[in-house]
Every structure is written in C-alpha cells, then in structure tokens.
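**Q** What follows is work.pdb; its format and atoms are PDB, C-alpha atoms, pLDDT in the B column.
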ATOM      1  CA  SER A   1     -61.872 -34.617  61.894  1.00 50.00           C
ATOM      2  CA  GLY A   2     -59.933 -32.415  64.305  1.00 52.00           C
ATOM      3  CA  HIS A   3     -62.376 -29.509  64.011  1.00 56.00           C
ATOM      4  CA  TYR A   4     -64.359 -29.021  67.187  1.00 54.00           C
ATOM      5  CA  GLY A   5     -67.267 -26.656  67.309  1.00 61.00           C
ATOM      6  CA  ARG A   6     -68.355 -24.657  70.336  1.00 64.00           C
ATOM      7  CA  GLY A   7     -70.902 -27.414  71.167  1.00 73.00           C
ATOM      8  CA  ASP A   8     -68.291 -30.197  71.192  1.00 78.00           C
ATOM      9  CA  ASN A   9     -66.020 -28.232  73.540  1.00 74.00           C
ATOM     10  CA  GLN A  10     -68.902 -27.420  75.881  1.00 79.00           C
ATOM     11  CA  GLN A  11     -70.032 -31.053  75.902  1.00 84.00           C
ATOM     12  CA  PHE A  12     -66.500 -32.244  76.689  1.00 81.00           C
ATOM     13  CA  LEU A  13     -66.238 -29.688  79.491  1.00 78.00           C
ATOM     14  CA  ASP A  14     -69.598 -30.738  80.942  1.00 83.00           C
ATOM     15  CA  GLU A  15     -68.664 -34.430  80.814  1.00 86.00           C
ATOM     16  CA  GLU A  16     -65.329 -33.713  82.520  1.00 81.00           C
ATOM     17  CA  LYS A  17     -67.067 -31.677  85.232  1.00 81.00           C
ATOM     18  CA  GLU A  18     -69.600 -34.470  85.772  1.00 87.00           C
ATOM     19  CA  ARG A  19     -66.834 -37.082  85.999  1.00 85.00           C
ATOM     20  CA  LEU A  20     -64.976 -35.056  88.652  1.00 81.00           C
ATOM     21  CA  GLN A  21     -68.217 -34.515  90.603  1.00 83.00           C
ATOM     22  CA  THR A  22     -69.053 -38.225  90.451  1.00 88.00           C
ATOM     23  CA  ASP A  23     -65.543 -39.081  91.710  1.00 83.00           C
ATOM     24  CA  SER A  24     -65.978 -36.538  94.493  1.00 81.00           C
ATOM     25  CA  VAL A  25     -69.415 -37.880  95.516  1.00 83.00           C
ATOM     26  CA  GLN A  26     -68.128 -41.473  95.476  1.00 87.00           C
ATOM     27  CA  GLU A  27     -65.124 -40.515  97.577  1.00 82.00           C
ATOM     28  CA  THR A  28     -67.316 -38.642 100.047  1.00 83.00           C
ATOM     29  CA  ALA A  29     -69.603 -41.680 100.330  1.00 83.00           C
ATOM     30  CA  GLU A  30     -66.640 -43.970 100.972  1.00 82.00           C
ATOM     31  CA  ILE A  31     -65.303 -41.607 103.670  1.00 78.00           C
ATOM     32  CA  LYS A  32     -68.748 -41.488 105.350  1.00 80.00           C
ATOM     33  CA  LEU A  33     -69.112 -45.276 105.180  1.00 81.00           C
ATOM     34  CA  SER A  34     -65.633 -45.686 106.633  1.00 79.00           C
ATOM     35  CA  ALA A  35     -66.542 -43.272 109.439  1.00 77.00           C
ATOM     36  CA  THR A  36     -69.709 -45.249 110.348  1.00 82.00           C
ATOM     37  CA  GLN A  37     -67.513 -48.319 110.745  1.00 82.00           C
ATOM     38  CA  GLY A  38     -65.489 -46.378 113.262  1.00 77.00           C
ATOM     39  CA  ASN A  39     -62.550 -45.616 110.998  1.00 75.00           C
ATOM     40  CA  THR A  40     -61.505 -41.987 111.099  1.00 79.00           C
ATOM     41  CA  LEU A  41     -59.218 -40.468 108.526  1.00 75.00           C
ATOM     42  CA  THR A  42     -55.673 -39.633 109.423  1.00 83.00           C
ATOM     43  CA  LEU A  43     -54.441 -36.104 108.833  1.00 84.00           C
ATOM     44  CA  GLU A  44     -52.287 -37.478 106.028  1.00 89.00           C
ATOM     45  CA  GLN A  45     -55.371 -38.947 104.276  1.00 83.00           C
ATOM     46  CA  ILE A  46     -57.308 -35.677 104.662  1.00 83.00           C
ATOM     47  CA  VAL A  47     -54.415 -33.682 103.182  1.00 88.00           C
ATOM     48  CA  LYS A  48     -54.149 -36.165 100.312  1.00 90.00           C
ATOM     49  CA  ILE A  49     -57.873 -35.855  99.557  1.00 85.00           C
ATOM     50  CA  GLN A  50     -57.706 -32.059  99.680  1.00 89.00           C
ATOM     51  CA  GLU A  51     -54.680 -32.050  97.389  1.00 91.00           C
ATOM     52  CA  GLN A  52     -56.600 -34.241  94.934  1.00 88.00           C
ATOM     53  CA  HIS A  53     -59.544 -31.822  94.994  1.00 86.00           C
ATOM     54  CA  VAL A  54     -57.285 -28.833  94.430  1.00 89.00           C
ATOM     55  CA  GLN A  55     -55.628 -30.676  91.513  1.00 90.00           C
ATOM     56  CA  GLN A  56     -58.987 -31.588  89.995  1.00 86.00           C
ATOM     57  CA  GLY A  57     -60.198 -27.993  90.352  1.00 86.00           C
ATOM     58  CA  ALA A  58     -57.039 -26.751  88.639  1.00 89.00           C
ATOM     59  CA  GLN A  59     -57.484 -29.327  85.841  1.00 87.00           C
ATOM     60  CA  LEU A  60     -61.037 -28.172  85.304  1.00 86.00           C
ATOM     61  CA  SER A  61     -60.013 -24.496  85.236  1.00 88.00           C
ATOM     62  CA  HIS A  62     -57.259 -25.295  82.774  1.00 89.00           C
ATOM     63  CA  LEU A  63     -59.686 -27.202  80.550  1.00 87.00           C
ATOM     64  CA  ALA A  64     -62.188 -24.330  80.656  1.00 87.00           C
ATOM     65  CA  LEU A  65     -59.445 -21.880  79.679  1.00 90.00           C
ATOM     66  CA  HIS A  66     -58.269 -24.174  76.883  1.00 89.00           C
ATOM     67  CA  VAL A  67     -61.813 -24.423  75.542  1.00 88.00           C
ATOM     68  CA  GLN A  68     -62.146 -20.613  75.642  1.00 90.00           C
ATOM     69  CA  CYS A  69     -58.896 -20.253  73.701  1.00 92.00           C
ATOM     70  CA  LEU A  70     -60.087 -22.764  71.108  1.00 91.00           C
ATOM     71  CA  GLN A  71     -63.396 -20.933  70.760  1.00 90.00           C
ATOM     72  CA  ALA A  72     -61.635 -17.584  70.314  1.00 93.00           C
ATOM     73  CA  GLU A  73     -59.324 -19.140  67.712  1.00 94.00           C
ATOM     74  CA  ASN A  74     -62.324 -20.702  65.990  1.00 94.00           C
ATOM     75  CA  GLU A  75     -64.071 -17.312  65.810  1.00 95.00           C
ATOM     76  CA  LYS A  76     -60.959 -15.642  64.391  1.00 96.00           C
ATOM     77  CA  LEU A  77     -60.638 -18.365  61.759  1.00 96.00           C
ATOM     78  CA  SER A  78     -64.336 -18.047  60.895  1.00 96.00           C
ATOM     79  CA  GLU A  79     -63.942 -14.284  60.490  1.00 96.00           C
ATOM     80  CA  ALA A  80     -60.837 -14.739  58.325  1.00 96.00           C
ATOM     81  CA  MET A  81     -62.686 -17.330  56.259  1.00 96.00           C
ATOM     82  CA  GLU A  82     -65.659 -14.977  55.820  1.00 96.00           C
ATOM     83  CA  ALA A  83     -63.349 -12.120  54.793  1.00 96.00           C
ATOM     84  CA  LEU A  84     -61.667 -14.417  52.276  1.00 96.00           C
ATOM     85  CA  ASN A  85     -65.040 -15.532  50.869  1.00 96.00           C
ATOM     86  CA  SER A  86     -66.153 -11.922  50.642  1.00 96.00           C
ATOM     87  CA  ALA A  87     -62.953 -10.880  48.843  1.00 95.00           C
ATOM     88  CA  HIS A  88     -63.320 -13.821  46.464  1.00 96.00           C
ATOM     89  CA  ARG A  89     -66.943 -12.873  45.762  1.00 96.00           C
ATOM     90  CA  VAL A  90     -65.939  -9.276  45.000  1.00 96.00           C
ATOM     91  CA  GLU A  91     -63.075 -10.442  42.739  1.00 96.00           C
ATOM     92  CA  THR A  92     -65.421 -12.807  40.879  1.00 96.00           C
ATOM     93  CA  GLU A  93     -68.067 -10.089  40.410  1.00 96.00           C
ATOM     94  CA  THR A  94     -65.408  -7.616  39.202  1.00 96.00           C
ATOM     95  CA  GLN A  95     -64.013 -10.156  36.734  1.00 96.00           C
ATOM     96  CA  LYS A  96     -67.526 -10.921  35.480  1.00 96.00           C
ATOM     97  CA  ALA A  97     -68.235  -7.202  35.000  1.00 95.00           C
ATOM     98  CA  ARG A  98     -64.900  -6.756  33.209  1.00 95.00           C
ATOM     99  CA  ASN A  99     -65.623  -9.690  30.887  1.00 95.00           C
ATOM    100  CA  LEU A 100     -69.092  -8.345  30.149  1.00 95.00           C
ATOM    101  CA  LEU A 101     -67.693  -4.891  29.350  1.00 94.00           C
ATOM    102  CA  THR A 102     -65.028  -6.349  27.045  1.00 95.00           C
ATOM    103  CA  PHE A 103     -67.679  -8.453  25.321  1.00 95.00           C
ATOM    104  CA  ARG A 104     -69.979  -5.426  24.889  1.00 95.00           C
ATOM    105  CA  GLN A 105     -67.134  -3.328  23.469  1.00 95.00           C
ATOM    106  CA  TYR A 106     -66.226  -6.113  21.039  1.00 94.00           C
ATOM    107  CA  LYS A 107     -69.885  -6.533  20.058  1.00 95.00           C
ATOM    108  CA  ASP A 108     -70.282  -2.782  19.480  1.00 95.00           C
ATOM    109  CA  PHE A 109     -67.103  -2.716  17.389  1.00 94.00           C
ATOM    110  CA  TYR A 110     -68.284  -5.754  15.414  1.00 94.00           C
ATOM    111  CA  GLU A 111     -71.737  -4.227  14.824  1.00 95.00           C
ATOM    112  CA  GLU A 112     -70.153  -0.951  13.633  1.00 95.00           C
ATOM    113  CA  ALA A 113     -67.739  -2.785  11.326  1.00 93.00           C
ATOM    114  CA  LYS A 114     -70.598  -4.891   9.992  1.00 94.00           C
ATOM    115  CA  ALA A 115     -72.744  -1.813   9.391  1.00 93.00           C
ATOM    116  CA  ALA A 116     -69.856  -0.035   7.608  1.00 92.00           C
ATOM    117  CA  THR A 117     -69.176  -3.097   5.434  1.00 92.00           C
ATOM    118  CA  ASN A 118     -72.871  -3.519   4.639  1.00 92.00           C
ATOM    119  CA  SER A 119     -73.104   0.152   3.715  1.00 93.00           C
ATOM    120  CA  LYS A 120     -70.041  -0.136   1.454  1.00 93.00           C
ATOM    121  CA  PHE A 121     -71.463  -3.218  -0.287  1.00 92.00           C
ATOM    122  CA  GLN A 122     -74.860  -1.579  -0.620  1.00 93.00           C
ATOM    123  CA  ASP A 123     -73.256   1.454  -2.309  1.00 93.00           C
ATOM    124  CA  LEU A 124     -71.246  -0.825  -4.595  1.00 91.00           C
ATOM    125  CA  LEU A 125     -74.374  -2.817  -5.480  1.00 91.00           C
ATOM    126  CA  ASN A 126     -76.360   0.359  -6.246  1.00 93.00           C
ATOM    127  CA  SER A 127     -73.526   1.598  -8.414  1.00 93.00           C
ATOM    128  CA  CYS A 128     -73.412  -1.753 -10.262  1.00 91.00           C
ATOM    129  CA  ILE A 129     -77.177  -1.684 -10.835  1.00 93.00           C
ATOM    130  CA  GLN A 130     -76.964   1.874 -12.224  1.00 94.00           C
ATOM    131  CA  ASP A 131     -74.114   0.821 -14.521  1.00 93.00           C
ATOM    132  CA  CYS A 132     -76.151  -2.177 -15.697  1.00 92.00           C
ATOM    133  CA  VAL A 133     -79.212  -0.038 -16.412  1.00 93.00           C
ATOM    134  CA  PHE A 134     -77.058   2.520 -18.280  1.00 94.00           C
ATOM    135  CA  LEU A 135     -75.217  -0.157 -20.292  1.00 93.00           C
ATOM    136  CA  SER A 136     -78.443  -1.944 -21.097  1.00 92.00           C
ATOM    137  CA  SER A 137     -80.042   1.200 -22.432  1.00 94.00           C
ATOM    138  CA  LYS A 138     -76.820   2.106 -24.308  1.00 94.00           C
ATOM    139  CA  ASN A 139     -76.781  -1.416 -25.796  1.00 93.00           C
ATOM    140  CA  ALA A 140     -80.379  -1.018 -26.979  1.00 93.00           C
ATOM    141  CA  GLU A 141     -79.501   2.375 -28.489  1.00 94.00           C
ATOM    142  CA  LEU A 142     -76.463   0.972 -30.317  1.00 93.00           C
ATOM    143  CA  THR A 143     -78.397  -2.047 -31.540  1.00 94.00           C
ATOM    144  CA  GLU A 144     -80.987   0.329 -32.968  1.00 94.00           C
ATOM    145  CA  ASP A 145     -78.272   2.453 -34.601  1.00 92.00           C
ATOM    146  CA  ASN A 146     -76.712  -0.695 -36.094  1.00 93.00           C
ATOM    147  CA  THR A 147     -79.988  -1.813 -37.549  1.00 93.00           C
ATOM    148  CA  GLU A 148     -80.530   1.654 -39.027  1.00 92.00           C
ATOM    149  CA  LEU A 149     -77.013   1.716 -40.531  1.00 92.00           C
ATOM    150  CA  LYS A 150     -77.435  -1.755 -42.056  1.00 92.00           C
ATOM    151  CA  ARG A 151     -80.728  -0.656 -43.631  1.00 91.00           C
ATOM    152  CA  LYS A 152     -79.092   2.478 -45.074  1.00 90.00           C
ATOM    153  CA  LEU A 153     -76.160   0.450 -46.327  1.00 91.00           C
ATOM    154  CA  LYS A 154     -78.551  -1.906 -48.229  1.00 91.00           C
ATOM    155  CA  HIS A 155     -80.261   1.116 -49.659  1.00 87.00           C
ATOM    156  CA  TYR A 156     -77.012   2.451 -51.144  1.00 85.00           C
ATOM    157  CA  ASN A 157     -75.951  -0.864 -52.576  1.00 72.00           C
TER     158      ASN A 157
END
Written as structure tokens, how would this file's structure read?
**A**
Amino acid sequence: SGHYGRGDNQQFLDEEKERLQTDSVQETAEIKLSATQGNTLTLEQIVKIQEQHVQQGAQLSHLALHVQCLQAENEKLSEAMEALNSAHRVETETQKARNLLTFRQYKDFYEEAKAATNSKFQDLLNSCIQDCVFLSSKNAELTEDNTELKRKLKHYN
C-alpha cells in the first residue's frame, strides 16, 4: 500500500543487483561464444559494452542511495509517530487523573453535604421527640387536672 519497510527495499535492491549480474554474465558468455567462432569485437562494440556497464553501475548506486533515503525517512517518521503516541498517552493519563481528581472532590463535597444534612435532620428529629415526650407528659398532667376539677365541681353542686 505504498509503505515499504526496510526488508522490501533491501529485497528490491538485491533483485536489481542480481538482474544486472545475470545480464552481465549472459553478455560475457555471448562475447566468449562469439570469440570462439572467430568473431572479435570492434572497438565500437567494446566501448558500447563498457558504457552499458558504467550506466548499470550508476543505476545501482542511485537505487542504493534512494533506498537509504527512504529508510532514513522511514526512521524519522517512525520516531515522529512514537513521539506523537507518547504525547497522546501522557495527555490521556493527565486527563484521566484530572477527571479522577474532579470526581473525588465532588464525592468529598457530596459526602460532607450529606453528613451536614443528616446531622441537621437528626437534631431536628431529636428535638421533635423531646417535644413529643414533653407534650405527652403535659397532656397526661392536664388530663389528670381536668378529672380532678370535674370531681370537685360535682362535689360543690
């Protein structure tokens, strides 16, 4: 998909080198065969062959350099990618810590508010119970007084 690893580049380079060597061996064989049949190469043919070899050597050097450049670029991109991942990890951890802190603070506040409210209601309830006990005993007292007064009233009548 357009992304070549170090291995792919090396393989391509090796294949290219092999192809050029095979061409060279084949050419050499043809020259030798031609020589056994009594045909000698003209100076022009020799120059042409040498030019071809120089060209092929230059092609191979260029390819090797290109592969090196690609590998260097690949390493830089990998490093940049790693730095980005690392930064993202740190940001995520920081955000998580921040969220946790906010949650803890909210929870603490909620617990305190709940405790204060509970305490207030507890006090109110205690106060109500005391009032009830007082009123109940007062009611009993008054009922007794009433009964006593009614008895006295009958007595006078």
**Q** Return the single residue from A:Asn85, A:Asn118, A:Asn139, A:Asn9 that is closest to Leu70 of chain A, with distances computed using all atoms listed in the file.
**A**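 Among the listed residues, the smallest separation from Leu70 of chain A belongs to A:Asn9.
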**Q** Neighbours of Gln21 of chain A within 12 Å (only C-alpha atoms; same-chain residues fewer than 5 positions away dropped), as a short mmCIF file (atom, residue, chain, number, x, y, z; two decimals) with C-alpha atoms, keeping the file's coordinate frame?
**A**
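File produced: selection26.cif:
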data_model
loop_
_atom_site.label_atom_id
_atom_site.label_comp_id
_atom_site.auth_asym_id
_atom_site.auth_seq_id
_atom_site.Cartn_x
_atom_site.Cartn_y
_atom_site.Cartn_z
CA ASP A 14 -69.60 -30.74 80.94
CA GLU A 15 -68.66 -34.43 80.81
CA GLU A 16 -65.33 -33.71 82.52
CA GLN A 26 -68.13 -41.47 95.48
CA GLU A 27 -65.12 -40.52 97.58
CA THR A 28 -67.32 -38.64 100.05
CA HIS A 53 -59.54 -31.82 94.99
CA GLN A 56 -58.99 -31.59 90.00
CA GLY A 57 -60.20 -27.99 90.35
CA LEU A 60 -61.04 -28.17 85.30
#
**Q** Kindly give the distance, in Å, that separates atom CA of Ser24 of chain A and atom CA of Gln37 of chain A, rounded to a single decimal.
**A** 20.1 Å
**Q** Please indicate the distance in Å from atom CA of Cys128 of chain A to atom CA of Tyr110 of chain A, rounded to one decimal place.
**A** 26.5 Å
**Q** Under the rule that all atoms listed in the file are counted, which of A:Lys17, A:Lys48, A:Lys76, A:His88 is the nearest residue to His62 of chain A?
**A** A:Lys17
**Q** What is the distance, in Å and to one decimal place, between atom CA of Leu142 of chain A and atom CA of Tyr156 of chain A?
**A**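 One can read the atom CA of Leu142 of chain A to atom CA of Tyr156 of chain A distance as 20.9 Å.
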**Q** Give me segment 95-120 of chain A with N, CA, C and O atoms filled in, as a PDB file, in the frame of the given file.
**A**
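Written out: selection.pdb:
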ATOM      1  N   GLN A  95     -64.476  -9.462  37.944  1.00 96.00           N
ATOM      2  CA  GLN A  95     -64.013 -10.156  36.734  1.00 96.00           C
ATOM      3  C   GLN A  95     -65.173 -10.337  35.766  1.00 96.00           C
ATOM      4  O   GLN A  95     -65.017 -10.127  34.564  1.00 96.00           O
ATOM      5  N   LYS A  96     -66.346 -10.704  36.306  1.00 96.00           N
ATOM      6  CA  LYS A  96     -67.526 -10.921  35.480  1.00 96.00           C
ATOM      7  C   LYS A  96     -67.902  -9.613  34.775  1.00 96.00           C
ATOM      8  O   LYS A  96     -68.182  -9.599  33.578  1.00 96.00           O
ATOM      9  N   ALA A  97     -67.892  -8.517  35.552  1.00 95.00           N
ATOM     10  CA  ALA A  97     -68.235  -7.202  35.000  1.00 95.00           C
ATOM     11  C   ALA A  97     -67.238  -6.812  33.903  1.00 95.00           C
ATOM     12  O   ALA A  97     -67.625  -6.302  32.858  1.00 95.00           O
ATOM     13  N   ARG A  98     -65.947  -7.082  34.181  1.00 95.00           N
ATOM     14  CA  ARG A  98     -64.900  -6.756  33.209  1.00 95.00           C
ATOM     15  C   ARG A  98     -65.107  -7.543  31.916  1.00 95.00           C
ATOM     16  O   ARG A  98     -65.009  -6.991  30.814  1.00 95.00           O
ATOM     17  N   ASN A  99     -65.394  -8.836  32.063  1.00 95.00           N
ATOM     18  CA  ASN A  99     -65.623  -9.690  30.887  1.00 95.00           C
ATOM     19  C   ASN A  99     -66.812  -9.191  30.078  1.00 95.00           C
ATOM     20  O   ASN A  99     -66.780  -9.173  28.850  1.00 95.00           O
ATOM     21  N   LEU A 100     -67.870  -8.804  30.802  1.00 95.00           N
ATOM     22  CA  LEU A 100     -69.092  -8.345  30.149  1.00 95.00           C
ATOM     23  C   LEU A 100     -68.808  -7.070  29.364  1.00 95.00           C
ATOM     24  O   LEU A 100     -69.248  -6.910  28.224  1.00 95.00           O
ATOM     25  N   LEU A 101     -68.038  -6.162  29.989  1.00 94.00           N
ATOM     26  CA  LEU A 101     -67.693  -4.891  29.350  1.00 94.00           C
ATOM     27  C   LEU A 101     -66.885  -5.150  28.079  1.00 94.00           C
ATOM     28  O   LEU A 101     -67.187  -4.596  27.026  1.00 94.00           O
ATOM     29  N   THR A 102     -65.865  -6.016  28.200  1.00 95.00           N
ATOM     30  CA  THR A 102     -65.028  -6.349  27.045  1.00 95.00           C
ATOM     31  C   THR A 102     -65.891  -6.926  25.936  1.00 95.00           C
ATOM     32  O   THR A 102     -65.762  -6.540  24.771  1.00 95.00           O
ATOM     33  N   PHE A 103     -66.805  -7.820  26.302  1.00 95.00           N
ATOM     34  CA  PHE A 103     -67.679  -8.453  25.321  1.00 95.00           C
ATOM     35  C   PHE A 103     -68.559  -7.400  24.638  1.00 95.00           C
ATOM     36  O   PHE A 103     -68.706  -7.398  23.421  1.00 95.00           O
ATOM     37  N   ARG A 104     -69.125  -6.480  25.450  1.00 95.00           N
ATOM     38  CA  ARG A 104     -69.979  -5.426  24.889  1.00 95.00           C
ATOM     39  C   ARG A 104     -69.205  -4.544  23.918  1.00 95.00           C
ATOM     40  O   ARG A 104     -69.703  -4.211  22.843  1.00 95.00           O
ATOM     41  N   GLN A 105     -67.961  -4.174  24.330  1.00 95.00           N
ATOM     42  CA  GLN A 105     -67.134  -3.328  23.469  1.00 95.00           C
ATOM     43  C   GLN A 105     -66.843  -4.044  22.147  1.00 95.00           C
ATOM     44  O   GLN A 105     -66.944  -3.447  21.083  1.00 95.00           O
ATOM     45  N   TYR A 106     -66.516  -5.327  22.241  1.00 94.00           N
ATOM     46  CA  TYR A 106     -66.226  -6.113  21.039  1.00 94.00           C
ATOM     47  C   TYR A 106     -67.462  -6.173  20.153  1.00 94.00           C
ATOM     48  O   TYR A 106     -67.387  -5.999  18.943  1.00 94.00           O
ATOM     49  N   LYS A 107     -68.624  -6.405  20.799  1.00 95.00           N
ATOM     50  CA  LYS A 107     -69.885  -6.533  20.058  1.00 95.00           C
ATOM     51  C   LYS A 107     -70.199  -5.218  19.336  1.00 95.00           C
ATOM     52  O   LYS A 107     -70.570  -5.221  18.155  1.00 95.00           O
ATOM     53  N   ASP A 108     -70.027  -4.099  20.079  1.00 95.00           N
ATOM     54  CA  ASP A 108     -70.282  -2.782  19.480  1.00 95.00           C
ATOM     55  C   ASP A 108     -69.369  -2.568  18.270  1.00 95.00           C
ATOM     56  O   ASP A 108     -69.815  -2.129  17.211  1.00 95.00           O
ATOM     57  N   PHE A 109     -68.080  -2.878  18.465  1.00 94.00           N
ATOM     58  CA  PHE A 109     -67.103  -2.716  17.389  1.00 94.00           C
ATOM     59  C   PHE A 109     -67.502  -3.573  16.188  1.00 94.00           C
ATOM     60  O   PHE A 109     -67.475  -3.117  15.045  1.00 94.00           O
ATOM     61  N   TYR A 110     -67.889  -4.816  16.465  1.00 94.00           N
ATOM     62  CA  TYR A 110     -68.284  -5.754  15.414  1.00 94.00           C
ATOM     63  C   TYR A 110     -69.507  -5.225  14.668  1.00 94.00           C
ATOM     64  O   TYR A 110     -69.541  -5.240  13.443  1.00 94.00           O
ATOM     65  N   GLU A 111     -70.506  -4.750  15.439  1.00 95.00           N
ATOM     66  CA  GLU A 111     -71.737  -4.227  14.824  1.00 95.00           C
ATOM     67  C   GLU A 111     -71.414  -3.031  13.920  1.00 95.00           C
ATOM     68  O   GLU A 111     -71.923  -2.925  12.813  1.00 95.00           O
ATOM     69  N   GLU A 112     -70.537  -2.132  14.422  1.00 95.00           N
ATOM     70  CA  GLU A 112     -70.153  -0.951  13.633  1.00 95.00           C
ATOM     71  C   GLU A 112     -69.448  -1.371  12.344  1.00 95.00           C
ATOM     72  O   GLU A 112     -69.760  -0.864  11.262  1.00 95.00           O
ATOM     73  N   ALA A 113     -68.494  -2.303  12.491  1.00 93.00           N
ATOM     74  CA  ALA A 113     -67.739  -2.785  11.326  1.00 93.00           C
ATOM     75  C   ALA A 113     -68.685  -3.430  10.320  1.00 93.00           C
ATOM     76  O   ALA A 113     -68.570  -3.215   9.101  1.00 93.00           O
ATOM     77  N   LYS A 114     -69.641  -4.201  10.844  1.00 94.00           N
ATOM     78  CA  LYS A 114     -70.598  -4.891   9.992  1.00 94.00           C
ATOM     79  C   LYS A 114     -71.455  -3.862   9.243  1.00 94.00           C
ATOM     80  O   LYS A 114     -71.671  -3.980   8.027  1.00 94.00           O
ATOM     81  N   ALA A 115     -71.915  -2.852   9.992  1.00 93.00           N
ATOM     82  CA  ALA A 115     -72.744  -1.813   9.391  1.00 93.00           C
ATOM     83  C   ALA A 115     -71.973  -1.078   8.292  1.00 93.00           C
ATOM     84  O   ALA A 115     -72.503  -0.842   7.204  1.00 93.00           O
ATOM     85  N   ALA A 116     -70.692  -0.743   8.589  1.00 92.00           N
ATOM     86  CA  ALA A 116     -69.856  -0.035   7.608  1.00 92.00           C
ATOM     87  C   ALA A 116     -69.667  -0.882   6.358  1.00 92.00           C
ATOM     88  O   ALA A 116     -69.806  -0.393   5.223  1.00 92.00           O
ATOM     89  N   THR A 117     -69.383  -2.174   6.553  1.00 92.00           N
ATOM     90  CA  THR A 117     -69.176  -3.097   5.434  1.00 92.00           C
ATOM     91  C   THR A 117     -70.457  -3.229   4.619  1.00 92.00           C
ATOM     92  O   THR A 117     -70.428  -3.136   3.383  1.00 92.00           O
ATOM     93  N   ASN A 118     -71.571  -3.404   5.324  1.00 92.00           N
ATOM     94  CA  ASN A 118     -72.871  -3.519   4.639  1.00 92.00           C
ATOM     95  C   ASN A 118     -73.144  -2.280   3.804  1.00 92.00           C
ATOM     96  O   ASN A 118     -73.579  -2.365   2.653  1.00 92.00           O
ATOM     97  N   SER A 119     -72.866  -1.120   4.398  1.00 93.00           N
ATOM     98  CA  SER A 119     -73.104   0.152   3.715  1.00 93.00           C
ATOM     99  C   SER A 119     -72.243   0.242   2.450  1.00 93.00           C
ATOM    100  O   SER A 119     -72.713   0.636   1.385  1.00 93.00           O
ATOM    101  N   LYS A 120     -70.961  -0.166   2.586  1.00 93.00           N
ATOM    102  CA  LYS A 120     -70.041  -0.136   1.454  1.00 93.00           C
ATOM    103  C   LYS A 120     -70.546  -1.043   0.324  1.00 93.00           C
ATOM    104  O   LYS A 120     -70.567  -0.653  -0.845  1.00 93.00           O
TER     105      LYS A 120
END
